[in-house]
Amino acid sequence: MPQPEPLSRRARRSKVRVSKRRRTIIWWSVAGVLVVLLAVGGLAGKRVYDQAIGVRGHLEAAMTEVQSVQKAVLAGDSATATVAADRLSVHTAAAVSGSQGRLWSLGAALPFVGSNLTAVSQVARVTDGLARDVVTPASRVNLKSLVPEGGQVDIKQLSSLSDLLDTVSQGLDTAKKDIGKVDRSALIGPVANGVKRLDDSLEKLQPYIQPAKDVLSVLPDALGASGPRNYLLMFQGNSEARSLGGNAAVDIVLRAEDGRLSIIQTANSQEFHGPSAEPVAPLDPEAVAIYGDKIGHYVPDFTMVPDFPTAAKIFDGWWKREFDTPYNAVMSVDPVALSYILGATGPVTLPTGDVLSADNAVSLLLNEVYFRYSDPEAQNMFFGAAADAVFTAVTSGKAAPLALVSAVVKSADEGRLLYTSSDAKEAALVAPLRMSGVMPHDNTEKTVVGAYVNDNTGSKKSYYLDLAVSACATDSTVKTHTELTSSLTADEAKRLPYYITGGYFAPSDISSYVVLYGPVGATLQSITLDGRPASVLSSGQHLGRPAVKVEVFNHLTSTHSLDAAYSMPAGTQGPLSIWHTPMVRATPISTNDTCAG
């Protein structure tokens with residue numbers, strides 16, 4: 001086979017140039033294709049990015065509108081709430097629309113980026129569902145339906161509110177399930193934070209729904225929808241301290257019938273003609289061992305027992321001995337709780353011409369009245385007139401709904417509002433709450449300790465006492481520190497009328513029996529008064545707890561402290577909580593999960 005002619009040098013150079021040009025053309029062609037592809041991808045990425053920014057903007061605007069709805073509902077402005085809810089729906093619908101489309105779907109299929117786009121879509125859909133199924137229905141809530149107006153609560157409105165709450169509850173449950181489906185494993189910070197914020201908001205809101213539904217389920221019957229209901233309302237005076245508050249000087253029977261509220265009877269402590277030769281009701285031997293049997297013989301002393309249902313049963317013995325008006329439940333409030341309520345209703349004018357307000361109710365009802373009237377009958381008439389005036393203000397519809405609800409909640413949290421009922425459903429609802437006046441029966445959810453003050457001077461000088469309690473815990477020990485401080489000066493003591501000083505102690509002296517309760521199942525190890533072993537008046541088990549009574553004697557301005565230590569049984573211990581007598585002024589409390597020293 002003939003061999004090809006060798007190429008000349010010129011030919012070889014030409015061939016190399018062609019080869020290089022071909023390779024250059026090929027590479028430029030490939031680069032061109034890549035540039036075009038990148039340009040197209042960049043354009044698509046830019047469009048998806050712009051969509052995501054738009055979705056974020058709508059979701060942020062939606063959160064603002066949710067706050068607007070909340071603010072308007074709480075203010076009782078249903079018209080503004082409805083408008084804000086409509087704006088919210090526009091934003092959430094736009095967020096859903098913005099997280100859809102062909103390019104968004106293509107992006108959602110990509111690794112890493114896709115999980116974030118999918119999460120944004122899910123958040124948008126969940127938020128839209130919340131707007132439709134939760135916020136929009138909630139915007140129709142009228143809190144005024146919970147407050148009497150013209151002496152009556154609209155029971156039909158309460159039923160509608162109950163149905164609406166069912167809708168809201170279902171919407172929240174659906175949203176919670178849907179947000180739980182979001183895969184958070186590959187989310188970038190801003191997206192992960194957004195998902196967490198929404199999830200946390202749902203988590204915080206859900207626990208409030210069921211209790212609200214439970215209350216609304218019993219409220220119509222409690223207001224007499226199925227027949228008249230009578231409530232005995234007692235007013236405890238903190239100026240003569242008792243474990244549950246004070247001496248119950250005035251009692252009112254309220255009737256609820258088809259939502260209408262009225263006062264049908266008023267009585268005062270002077271009408272019970274004590275003391276009783278025999279206890280007016282069966283007494284718990286453990287309570288008698290701590291407080292003596294006077295809790296069943298003397299009408300001012302039944303509130304010494306720091307268990308409200310027990311105290312109410314003793315009082316029932318007094319009531320039935322003198323009156324035949326039946327009642328279905330017992331409620332207790334003190335003048336401090338009345339001052340909170342007056343903060344919601346505004347001042348009221350009494351028949352005497354006095355203007356009772358949030359600022360002066362406590363001092364007027366617990367101290368000044370005794371300077372003004374020396375006759376107990378006149379004092380009780382003044383108290384009754386004050387209670388009647390506050391009741392009229394509450395039932396007239398003057399109070400702002402949120403302010404009134406806040407006042408009631410604050411009173412209940414401080415032990416100033418107590419409630420016990422013969423209705424099984426109501427009793428079950430109240431049982432876990434502070435307003436039940438029943439300390440927990442175990443330490444599982446809370447490890448509760450108690451500090452209760454009972455006046456021993458037969459006077460109204462508890463007005464000048466302040467209480468402070470702290471507690472700390474280890475695995476095997478709980479310690480409490482209780483301070484009782486008198487602010488009574490020598491000049492004030494000289495001016496006190498007899499009804500405040502009483503006839504058993506000097507005007508400058510205040511004798512108090514302080515009863516300390518340890519945790520359930522604990523054992524009292526030690527108790528000291530001002531750093532020295534205390535002289536114990538009585539001790540034992542009561543309410544499943546160790547209880548010990550000590551006299552604290554204050555002379556003019558002075559502070560005395562009680563320190564107690566308890567050994568704890570093995571087992572579950574919840575966080576420390578302190579229950580105490582609701583005094584005239586707020587009681588500072590503090591807890592610590594470690595004990596220094």
# chains A, B, ... in the order shown; residues from 1 in each chain; ligands from 1
>>> residues_around(residues="Val90 (chain A)", least_positions_apart="4", cutoff="12 Å", atoms="only C-alpha atoms", output="short mmCIF file (atom, residue, chain, number, x, y, z; two decimals) with all heavy atoms, in the first residue's frame")
data_model
loop_
_atom_site.label_atom_id
_atom_site.label_comp_id
_atom_site.auth_asym_id
_atom_site.auth_seq_id
_atom_site.Cartn_x
_atom_site.Cartn_y
_atom_site.Cartn_z
N HIS A 58 -46.23 39.06 52.55
CA HIS A 58 -47.65 38.85 52.85
C HIS A 58 -47.82 38.17 54.22
O HIS A 58 -48.75 38.50 54.97
CB HIS A 58 -48.30 38.00 51.76
CG HIS A 58 -48.58 38.75 50.50
ND1 HIS A 58 -49.44 39.84 50.47
CD2 HIS A 58 -48.10 38.59 49.23
CE1 HIS A 58 -49.49 40.31 49.22
NE2 HIS A 58 -48.70 39.58 48.45
N LEU A 59 -46.93 37.22 54.54
CA LEU A 59 -47.04 36.54 55.84
C LEU A 59 -46.75 37.50 56.99
O LEU A 59 -47.40 37.45 58.03
CB LEU A 59 -46.09 35.34 55.89
CG LEU A 59 -46.47 34.15 55.00
CD1 LEU A 59 -45.39 33.08 55.06
CD2 LEU A 59 -47.82 33.56 55.39
N ALA A 61 -47.24 40.76 56.89
CA ALA A 61 -48.41 41.64 56.97
C ALA A 61 -49.57 40.91 57.65
O ALA A 61 -50.35 41.51 58.40
CB ALA A 61 -48.82 42.11 55.57
N ALA A 62 -49.67 39.60 57.39
CA ALA A 62 -50.74 38.81 58.00
C ALA A 62 -50.59 38.79 59.52
O ALA A 62 -51.58 38.92 60.26
CB ALA A 62 -50.72 37.38 57.45
N GLU A 65 -51.92 41.91 60.95
CA GLU A 65 -53.40 41.95 60.97
C GLU A 65 -53.96 41.06 62.08
O GLU A 65 -55.00 41.37 62.66
CB GLU A 65 -53.96 41.53 59.61
CG GLU A 65 -53.60 42.45 58.46
CD GLU A 65 -54.05 43.88 58.69
OE1 GLU A 65 -54.88 44.13 59.57
OE2 GLU A 65 -53.54 44.76 57.96
N VAL A 83 -62.95 44.05 59.81
CA VAL A 83 -62.18 44.66 58.72
C VAL A 83 -60.75 44.12 58.72
O VAL A 83 -60.20 43.79 57.66
CB VAL A 83 -62.19 46.20 58.85
CG1 VAL A 83 -61.22 46.83 57.85
CG2 VAL A 83 -63.60 46.74 58.63
N ALA A 84 -60.14 44.04 59.89
CA ALA A 84 -58.77 43.52 59.99
C ALA A 84 -58.72 42.05 59.57
O ALA A 84 -57.75 41.62 58.92
CB ALA A 84 -58.25 43.69 61.41
N ALA A 85 -59.73 41.28 59.90
CA ALA A 85 -59.79 39.87 59.51
C ALA A 85 -59.89 39.75 57.99
O ALA A 85 -59.29 38.84 57.38
CB ALA A 85 -60.96 39.18 60.18
N ASP A 86 -60.64 40.64 57.35
CA ASP A 86 -60.75 40.63 55.88
C ASP A 86 -59.39 40.93 55.24
O ASP A 86 -59.00 40.28 54.27
CB ASP A 86 -61.79 41.65 55.41
CG ASP A 86 -63.21 41.24 55.77
OD1 ASP A 86 -63.44 40.04 56.04
OD2 ASP A 86 -64.11 42.12 55.78
N ALA A 94 -52.89 35.64 49.17
CA ALA A 94 -51.79 36.05 48.30
C ALA A 94 -50.53 35.24 48.60
O ALA A 94 -49.77 34.89 47.69
CB ALA A 94 -51.52 37.54 48.47
N ALA A 95 -50.31 34.91 49.88
CA ALA A 95 -49.15 34.10 50.24
C ALA A 95 -49.26 32.70 49.66
O ALA A 95 -48.27 32.14 49.15
CB ALA A 95 -49.02 34.03 51.76
N VAL A 96 -50.45 32.13 49.68
CA VAL A 96 -50.66 30.81 49.10
C VAL A 96 -50.46 30.86 47.59
O VAL A 96 -49.77 30.03 46.98
CB VAL A 96 -52.07 30.27 49.42
CG1 VAL A 96 -52.36 29.00 48.64
CG2 VAL A 96 -52.19 30.00 50.91
N SER A 97 -51.04 31.87 46.94
CA SER A 97 -50.91 32.02 45.49
C SER A 97 -49.45 32.23 45.09
O SER A 97 -48.98 31.69 44.08
CB SER A 97 -51.76 33.20 45.02
OG SER A 97 -51.58 33.43 43.64
N THR A 127 -51.22 29.17 57.46
CA THR A 127 -51.62 30.52 57.87
C THR A 127 -52.95 30.91 57.23
O THR A 127 -53.80 31.55 57.87
CB THR A 127 -50.53 31.54 57.49
OG1 THR A 127 -49.28 31.11 58.02
CG2 THR A 127 -50.84 32.91 58.05
N ASP A 128 -53.14 30.52 55.99
CA ASP A 128 -54.42 30.81 55.31
C ASP A 128 -55.56 30.06 56.00
O ASP A 128 -56.66 30.60 56.18
CB ASP A 128 -54.32 30.41 53.84
CG ASP A 128 -55.52 30.89 53.04
OD1 ASP A 128 -55.89 32.08 53.16
OD2 ASP A 128 -56.10 30.07 52.30
N ALA A 131 -56.38 31.85 59.15
CA ALA A 131 -57.17 33.06 58.87
C ALA A 131 -58.63 32.72 58.64
O ALA A 131 -59.54 33.40 59.14
CB ALA A 131 -56.60 33.78 57.65
N ARG A 132 -58.86 31.64 57.92
CA ARG A 132 -60.23 31.27 57.54
C ARG A 132 -60.98 30.60 58.70
O ARG A 132 -62.16 30.92 58.95
CB ARG A 132 -60.17 30.30 56.35
CG ARG A 132 -61.53 29.81 55.85
CD ARG A 132 -61.37 28.83 54.70
NE ARG A 132 -60.60 27.65 55.08
CZ ARG A 132 -59.35 27.40 54.70
NH1 ARG A 132 -58.71 28.28 53.94
NH2 ARG A 132 -58.73 26.30 55.09
N THR A 136 -60.81 34.63 61.53
CA THR A 136 -62.07 35.23 61.04
C THR A 136 -63.25 34.91 61.96
O THR A 136 -64.00 35.82 62.35
CB THR A 136 -62.36 34.80 59.60
OG1 THR A 136 -61.31 35.30 58.75
CG2 THR A 136 -63.69 35.36 59.12
#
>>> select_by_dssp(residues="region 293-378 of chain A", states="helix (DSSP H, G or I)", output="NGL selection string")
:A and (293-296 or 299-304 or 308-322 or 335-345 or 361-372 or 376-378)
>>> residues_around(residues="Val141 (chain A)", least_positions_apart="6", cutoff="9 Å", atoms="only C-alpha atoms", output="PyMOL selection string")
chain A and resi 73+76+78+161+164
>>> residues_around(residues="region 540-553 of chain A", least_positions_apart="4", cutoff="8 Å", atoms="only C-alpha atoms", output="PyMOL selection string")
chain A and resi 286-287+289-290+439+441+484+509-524+534-536+560
>>> residues_around(residues="Thr587 (chain A)", least_positions_apart="3", cutoff="9 Å", atoms="only C-alpha atoms", output="JSON, numbers by chain")
{"A": [466, 467, 468, 469, 580, 581, 582, 583, 584]}
>>> write_last_selection(atoms="all heavy atoms", output="PDB file, in the first residue's frame")
ATOM      1  N   ASP A 466     -47.936  43.035 107.351  1.00  0.00           N
ATOM      2  CA  ASP A 466     -47.548  42.591 106.014  1.00  0.00           C
ATOM      3  C   ASP A 466     -46.831  41.256 106.122  1.00  0.00           C
ATOM      4  O   ASP A 466     -46.063  41.020 107.065  1.00  0.00           O
ATOM      5  CB  ASP A 466     -46.644  43.617 105.337  1.00  0.00           C
ATOM      6  CG  ASP A 466     -47.410  44.860 104.930  1.00  0.00           C
ATOM      7  OD1 ASP A 466     -48.218  44.775 103.992  1.00  0.00           O
ATOM      8  OD2 ASP A 466     -47.216  45.917 105.581  1.00  0.00           O
ATOM      9  N   LEU A 467     -47.080  40.410 105.121  1.00  0.00           N
ATOM     10  CA  LEU A 467     -46.524  39.058 105.103  1.00  0.00           C
ATOM     11  C   LEU A 467     -45.564  38.923 103.923  1.00  0.00           C
ATOM     12  O   LEU A 467     -45.803  39.503 102.855  1.00  0.00           O
ATOM     13  CB  LEU A 467     -47.671  38.049 104.978  1.00  0.00           C
ATOM     14  CG  LEU A 467     -47.336  36.563 104.922  1.00  0.00           C
ATOM     15  CD1 LEU A 467     -46.797  36.087 106.282  1.00  0.00           C
ATOM     16  CD2 LEU A 467     -48.593  35.755 104.553  1.00  0.00           C
ATOM     17  N   ALA A 468     -44.491  38.184 104.112  1.00  0.00           N
ATOM     18  CA  ALA A 468     -43.571  37.844 103.016  1.00  0.00           C
ATOM     19  C   ALA A 468     -43.128  36.398 103.224  1.00  0.00           C
ATOM     20  O   ALA A 468     -42.831  35.991 104.353  1.00  0.00           O
ATOM     21  CB  ALA A 468     -42.362  38.771 102.996  1.00  0.00           C
ATOM     22  N   VAL A 469     -43.100  35.615 102.134  1.00  0.00           N
ATOM     23  CA  VAL A 469     -42.773  34.190 102.251  1.00  0.00           C
ATOM     24  C   VAL A 469     -41.821  33.796 101.123  1.00  0.00           C
ATOM     25  O   VAL A 469     -42.006  34.189  99.969  1.00  0.00           O
ATOM     26  CB  VAL A 469     -44.041  33.305 102.168  1.00  0.00           C
ATOM     27  CG1 VAL A 469     -43.687  31.854 102.527  1.00  0.00           C
ATOM     28  CG2 VAL A 469     -45.144  33.829 103.071  1.00  0.00           C
ATOM     29  N   HIS A 580     -50.853  31.362 100.664  1.00  0.00           N
ATOM     30  CA  HIS A 580     -50.802  32.137 101.899  1.00  0.00           C
ATOM     31  C   HIS A 580     -52.109  32.903 102.090  1.00  0.00           C
ATOM     32  O   HIS A 580     -52.932  33.021 101.172  1.00  0.00           O
ATOM     33  CB  HIS A 580     -49.634  33.122 101.849  1.00  0.00           C
ATOM     34  CG  HIS A 580     -49.715  34.068 100.689  1.00  0.00           C
ATOM     35  ND1 HIS A 580     -50.444  35.234 100.714  1.00  0.00           N
ATOM     36  CD2 HIS A 580     -49.158  34.009  99.449  1.00  0.00           C
ATOM     37  CE1 HIS A 580     -50.341  35.852  99.561  1.00  0.00           C
ATOM     38  NE2 HIS A 580     -49.569  35.135  98.762  1.00  0.00           N
ATOM     39  N   THR A 581     -52.274  33.406 103.296  1.00  0.00           N
ATOM     40  CA  THR A 581     -53.414  34.273 103.578  1.00  0.00           C
ATOM     41  C   THR A 581     -53.343  35.521 102.698  1.00  0.00           C
ATOM     42  O   THR A 581     -52.297  36.173 102.640  1.00  0.00           O
ATOM     43  CB  THR A 581     -53.396  34.699 105.052  1.00  0.00           C
ATOM     44  OG1 THR A 581     -53.611  33.545 105.874  1.00  0.00           O
ATOM     45  CG2 THR A 581     -54.482  35.726 105.352  1.00  0.00           C
ATOM     46  N   PRO A 582     -54.427  35.867 102.002  1.00  0.00           N
ATOM     47  CA  PRO A 582     -54.435  37.138 101.266  1.00  0.00           C
ATOM     48  C   PRO A 582     -54.547  38.299 102.246  1.00  0.00           C
ATOM     49  O   PRO A 582     -55.575  38.486 102.886  1.00  0.00           O
ATOM     50  CB  PRO A 582     -55.665  37.022 100.368  1.00  0.00           C
ATOM     51  CG  PRO A 582     -56.549  36.027 101.034  1.00  0.00           C
ATOM     52  CD  PRO A 582     -55.662  35.081 101.777  1.00  0.00           C
ATOM     53  N   MET A 583     -53.482  39.048 102.378  1.00  0.00           N
ATOM     54  CA  MET A 583     -53.430  40.142 103.345  1.00  0.00           C
ATOM     55  C   MET A 583     -53.968  41.435 102.711  1.00  0.00           C
ATOM     56  O   MET A 583     -54.375  41.457 101.548  1.00  0.00           O
ATOM     57  CB  MET A 583     -51.992  40.341 103.823  1.00  0.00           C
ATOM     58  CG  MET A 583     -51.341  39.084 104.407  1.00  0.00           C
ATOM     59  SD  MET A 583     -52.081  38.526 105.966  1.00  0.00           S
ATOM     60  CE  MET A 583     -51.352  39.694 107.118  1.00  0.00           C
ATOM     61  N   VAL A 584     -53.930  42.507 103.489  1.00  0.00           N
ATOM     62  CA  VAL A 584     -54.437  43.799 102.997  1.00  0.00           C
ATOM     63  C   VAL A 584     -53.623  44.277 101.801  1.00  0.00           C
ATOM     64  O   VAL A 584     -54.156  44.779 100.822  1.00  0.00           O
ATOM     65  CB  VAL A 584     -54.403  44.849 104.125  1.00  0.00           C
ATOM     66  CG1 VAL A 584     -54.751  46.230 103.585  1.00  0.00           C
ATOM     67  CG2 VAL A 584     -55.363  44.449 105.243  1.00  0.00           C
TER      68      VAL A 584
END
>>> residues_around(residues="Val168 (chain A)", least_positions_apart="3", cutoff="8 Å", atoms="only C-alpha atoms", output="MDAnalysis selection string")
chainID A and resid 133:135 137:138 164:165 171:172
>>> residues_around(residues="Phe323 (chain A)", least_positions_apart="5", cutoff="12 Å", atoms="only C-alpha atoms", output="list of chain:residue names")
A:Asp251, A:Val253, A:Gln265, A:Thr266, A:Ala267, A:Asn268, A:Glu271, A:Phe272, A:Phe315, A:Asp316, A:Gly317, A:Trp318
>>> closest_residue(among="A:Val113, A:Pro569, A:Pro351, A:Ser139", to="Lys71 (chain A)", atoms="only C-alpha atoms")
A:Ser139
>>> atom_distance(atom1="CA of Ser162 (chain A)", atom2="CA of Ala400 (chain A)")
20.9 Å
>>> select_by_dssp(residues="region 463-596 of chain A", states="strand (DSSP E)", output="PyMOL selection string")
chain A and resi 465-473+477-486+509-517+523-529+532-533+536-542+545-555+558-567+576-580+589-592
>>> atom_distance(atom1="CA of Ala393 (chain A)", atom2="CA of Ala225 (chain A)")
22.7 Å
>>> closest_residue(among="A:Met63, A:Ile155, A:Ala565, A:Val478", to="Thr591 (chain A)", atoms="only C-alpha atoms")
A:Val478
>>> atom_distance(atom1="CA of Arg416 (chain A)", atom2="CA of Val299 (chain A)")
19.6 Å
>>> closest_residue(among="A:Ala81, A:Leu562, A:Cys472, A:Leu402", to="Ala596 (chain A)", atoms="only C-alpha atoms")
A:Cys472
>>> closest_residue(among="A:Ser332, A:Gln70, A:Thr345, A:Asn116", to="Tyr419 (chain A)", atoms="only C-alpha atoms")
A:Ser332
